[in-house]
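Below you'll find the structure, written out as structure tokens, and then a few comments.
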Amino acid sequence: MRHVLGIGEIGLERAEAILALVPRMAEVRSRSVPKVAALRGRTVAMLFLEDSTRTRLSFDAAARALSADTMTFTASTSSMKKGESLRDTVETISALGPNALVVRHRTSGVPWQVAAWTEAAVVNAGDGAHEHPTQALLDAHTIREALATESLSGVRVGIVGDIRHSRVARSNVRLLRMLGASVVLVAPSPLQPPGVEGWGVDASSSLDDVIGGLDVLYLLRVQAERITGGAAPDAGEYARRFGLDHARVRRLRPGAIVMHPGPVNPGVESSVDLSRLPQSVVGRQVANGVPVRMAVLLDALAGAGAGMEEE
Amino acid sequence: MTIALRGGTVVTADGEVRADVLVDGGVVSAIGPSLRGDAELDATGCHVLPGFVDLHTHLREPGREEAETIATGSRAGALGGYTALVAMPNTDPAQDSVTTVEFVRSQGRAAGLVDVLPSGCITAGRRGERLAPLADLAAAGVTLFTDDGNGVQDASLMRRALLVARDLGVVLAQHCEVSSLTAGAVMDECACSGELGLPGWPAVAEELMVQRDIDLVRDTGGRIHFLHLSTARSVALVRAAKAEGLAVTAEVAPHHLLLDHGALRSFDPVFKVNPPLRSPADAAALREGVRDGTIDAVATDHAPHPAWNKEVPLDEASPGMLGLHAALGVVGAALSPSPMDVARMMSSAPARIAGLSPRHGSLPAVGGAANLCVADLSARWTGGDRPTGSRSANDPWVGVPLVGAVRHTVFGGRATVVDGEVQQ
């Protein structure tokens, strides 16, 4: 049993081991009975204290495909609404005996706090603006697949949007750099994080300056309340400066791909329909969510040796 | 009943003297060799200092007695060598009426371990809208006014408050924070907050208000005390204001001298405090400021919170940490101060600022008030190894090496702490 907290704690070796499991997980998913016994008898509890349907369903499907039992606590069903402390909630859920706790919270650091209060393996499903390691793992897998290369060395990734408030950006920067890619973060200065100069990446406030040099254009979801909160220009101006449009699509390198963690705000991050754009791999990101999370749960709970026989 | 403090080194106006101290009633009756008393306390290896004075204690009573009471906070203070505490006004109700101030003072008397000096609010309810009845409160004995926890945002209101305070001969103590720059902030805005994805509290939010209030003091001829300064630039601003001759004083909290924003990498809300822990360079500038006297006093900002307000996500956690029990040990570890420096920054300067001299803050002298702290200034201990005295457990010093420990405290001629244990 081991936690899956942040990309830094996971490290390169373990990240590669998880990614190496993904094709086997995808193969399981393609079987006529898409389910193996690897985690039979284990329980995975979902502690989702921030709204998230996609990530929660993806973890739930991954746990079931490995034959784990699941239970779900959300902000609206848990007694945290009644003012219970986070520690009390975690200790109560832990008393039910789950082997893993998949934690999503709007505040940075909560999975680390939870890990101190439970015997279960804690899997970070996104904390505040801090980390979203399973998203970064599925993105790395998607990039390798789409660019048909194992090595990301020399690959140039541009991440565009509200970097400052983005856990997807932070986890991706950490993992992509670990895997050898070079990264440029594109945002107006108020949406760049403090200390970005120490991240080992480039920073730019102009998408047009960098778009022609990218192998991967990664558009972040814009959270409207942050854009209108005075940290950046209005949504229309944002779309004109940082959104993908047909003119910018034409400036993409041959073979370049476009990514987005979803859900897309139509007309803000892109005025081009990302579900129809040939360069878009958004659908593959979604499809890779379950096998990558299967690999993560297997790594956290069973190690690579677990049985892949049908249940 | 007389008490003899035997075998220590007394820090007097004439320097350090190896002597016994005899306390009779509320006063020091003799300093000299081989003094005997009805009770005798061993001071071997210790310095006899004036009892410490904390300019900045949150006692939480009335209203938040689950965190601390005036009795438990007084106990923490006595264990830390304190004989006087200035009680911050962010109680419920706030200390903006004579009734509440009298209640706090009387609870302090009932606890009987330290002098509890209630501060008063600058504005009614600390809401920053209109002035509290400063003259009524001053007539009731309040000498220090603050909206601590909130800075007074409105420059016009602050300007009027400075003029009224000048008329009354009292001091305003500002919590420097331009709130429009700190909404939702959890920690220092820095590379570390960027890395952790936590909302930041930029240094400039403090420095803008320090600068504004220095300008208002120059403009009004008033007097100000800056609470818990946390940045290098704030120290520089105060240094320049003092060089100009303005009536400005300042304090620093022990945690800002020894901890830095890297502590938040643990995501442990015990390290969430307002103003936040800053950079190592800020801490170094604060240490320099307190050494050279730019910062007059070390003040704890002792801020107890129950577990259920700390074992929560960082954005929901209440800001603040315990301080009284360990302040001397932190000052020792951070500054390696001389005994005279300890007396200055923890007793005489804060007593002067709060208007408590000469009853508090005076170096031991025959005929002087018997408010004394007997401390082994070279004792090494690890935070968490000694009782805090507090009702709450948000102690940031657990596991931290500290230097300097209180052995006995004498308040009003009575031993309140003997061998590190409170005498109820």
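By convention here, the chains of the structure tokens are called A, B, ... in the order presented, each chain's residues are numbered starting at 1, and ligands are numbered starting at 1 in the order presented.
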
Expected answer as a short mmCIF file (atom, residue, chain, number, x, y, z; two decimals) with C-alpha atoms, in the first residue's frame: chain B residues within 7 Å of chain A, only C-alpha atoms:
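Resulting contents of part.cif:
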data_model
loop_
_atom_site.label_atom_id
_atom_site.label_comp_id
_atom_site.auth_asym_id
_atom_site.auth_seq_id
_atom_site.Cartn_x
_atom_site.Cartn_y
_atom_site.Cartn_z
CA CYS B 190 6.14 33.76 -2.75
CA ALA B 191 7.66 31.08 -4.94
CA GLY B 194 3.14 29.48 -6.33
CA LEU B 196 1.83 24.85 -3.59
CA GLY B 197 -1.02 26.59 -5.39
CA LEU B 198 -2.07 28.42 -2.23
CA PHE B 267 0.24 21.71 4.69
CA TRP B 308 -11.57 21.58 15.16
CA GLU B 311 -7.62 20.03 11.65
CA VAL B 312 -9.37 21.32 8.54
CA PRO B 313 -8.26 22.42 5.06
CA LEU B 314 -5.86 25.37 5.08
CA ASP B 315 -8.38 27.85 3.70
#

With only C-alpha atoms as the counted atoms, please give the residues lying no more than 9 Å from Ala303 (chain B), apart from itself and same-chain residues fewer than 4 positions off, as a PyMOL selection string.
chain B and resi 57-60+67-68+273+319-323+394

Atoms kept (C-alpha atoms) for selection, written as a PDB file, in the first residue's frame:
ATOM      1  CA  THR B  57      -2.047  38.089  23.699  1.00  0.00           C
ATOM      2  CA  HIS B  58      -5.325  36.623  22.523  1.00  0.00           C
ATOM      3  CA  LEU B  59      -7.036  35.418  25.685  1.00  0.00           C
ATOM      4  CA  ARG B  60     -10.298  34.647  23.797  1.00  0.00           C
ATOM      5  CA  ALA B  67      -9.984  28.070  22.776  1.00  0.00           C
ATOM      6  CA  GLU B  68      -8.692  29.829  25.893  1.00  0.00           C
ATOM      7  CA  VAL B 273      -0.819  32.693  10.917  1.00  0.00           C
ATOM      8  CA  PRO B 319      -4.893  31.779  11.664  1.00  0.00           C
ATOM      9  CA  GLY B 320      -2.642  31.876  14.710  1.00  0.00           C
ATOM     10  CA  MET B 321      -0.374  29.855  16.967  1.00  0.00           C
ATOM     11  CA  LEU B 322       0.515  29.530  20.630  1.00  0.00           C
ATOM     12  CA  GLY B 323       3.396  31.696  21.777  1.00  0.00           C
ATOM     13  CA  ASN B 394      -1.794  24.669  18.218  1.00  0.00           C
TER      14      ASN B 394
END

Taking only C-alpha atoms into account, name the residue in A:Ala45, A:Asn124, A:Val249, A:Gly255 that is nearest to Ala148 (chain A).
A:Gly255

To test your reading of the structure, identify every residue in region 223-341 of chain B that backbone DSSP assigns to alpha helix (DSSP H), and report it as a VMD selection string.
chain B and resid 232 to 243 254 to 258 280 to 291 327 to 335 339 to 341

Please list as a VMD selection string every residue within 7 Å of Cys373 (chain B), counting only C-alpha atoms and excluding residues in the same chain fewer than 3 positions away.
chain B and resid 48 to 52 81 408 to 410

Output file for the residues above (C-alpha atoms, as a compact mmCIF listing (two decimals), in the first residue's frame):
# COMPACT_ATOMS: atom_id res chain seq x y z
CA VAL B 48 16.78 37.31 37.64
CA LEU B 49 15.00 39.52 35.12
CA PRO B 50 12.00 41.80 35.23
CA GLY B 51 8.82 39.81 34.57
CA PHE B 52 8.00 39.72 30.87
CA GLY B 81 7.84 34.22 32.56
CA HIS B 408 10.32 30.69 38.41
CA THR B 409 7.97 33.61 37.95
CA VAL B 410 7.14 36.08 40.72

Taking only region 232-377 of chain B into account, list the residues labelled strand (DSSP E) by DSSP (computed from the backbone), as a PyMOL selection string.
chain B and resi 248-252+297-298+372-377

Kindly export the residues of the current selection with N, CA and C atoms, as a compact mmCIF listing (two decimals), in the first residue's frame.
# COMPACT_ATOMS: atom_id res chain seq x y z
N VAL B 248 7.04 56.37 16.63
CA VAL B 248 6.70 55.07 16.06
C VAL B 248 7.41 53.99 16.86
N THR B 249 6.67 52.95 17.25
CA THR B 249 7.29 51.78 17.86
C THR B 249 6.80 50.54 17.10
N ALA B 250 7.49 49.42 17.34
CA ALA B 250 7.14 48.22 16.59
C ALA B 250 7.46 46.98 17.40
N GLU B 251 6.74 45.92 17.05
CA GLU B 251 6.98 44.62 17.68
C GLU B 251 7.13 43.56 16.60
N VAL B 252 7.73 42.45 17.00
CA VAL B 252 7.82 41.28 16.12
C VAL B 252 7.40 40.07 16.94
N ALA B 297 10.10 45.58 20.59
CA ALA B 297 9.62 44.53 21.49
C ALA B 297 9.36 43.23 20.74
N VAL B 298 9.53 42.13 21.47
CA VAL B 298 9.04 40.84 21.00
C VAL B 298 7.69 40.62 21.65
N LEU B 372 8.94 39.52 38.62
CA LEU B 372 10.26 39.02 38.24
C LEU B 372 10.14 37.69 37.50
N CYS B 373 11.12 37.48 36.63
CA CYS B 373 11.24 36.21 35.94
C CYS B 373 12.62 35.65 36.21
N VAL B 374 12.69 34.42 36.66
CA VAL B 374 13.97 33.76 36.91
C VAL B 374 14.15 32.71 35.83
N ALA B 375 15.14 32.92 34.96
CA ALA B 375 15.25 32.06 33.78
C ALA B 375 16.68 31.61 33.57
N ASP B 376 16.81 30.36 33.14
CA ASP B 376 18.11 29.84 32.70
C ASP B 376 18.22 30.14 31.21
N LEU B 377 18.98 31.16 30.89
CA LEU B 377 19.00 31.65 29.50
C LEU B 377 19.80 30.74 28.58

Compile the contact shell of region 173-181 of chain A as a PyMOL selection string: residues with an atom at most 10 Å away, counting only C-alpha atoms, same-chain residues fewer than 3 positions apart removed.
chain A and resi 6-8+10-13+15-16+131+133+136-137+139-140+143+150-157+159+167-170+184-185+199-201
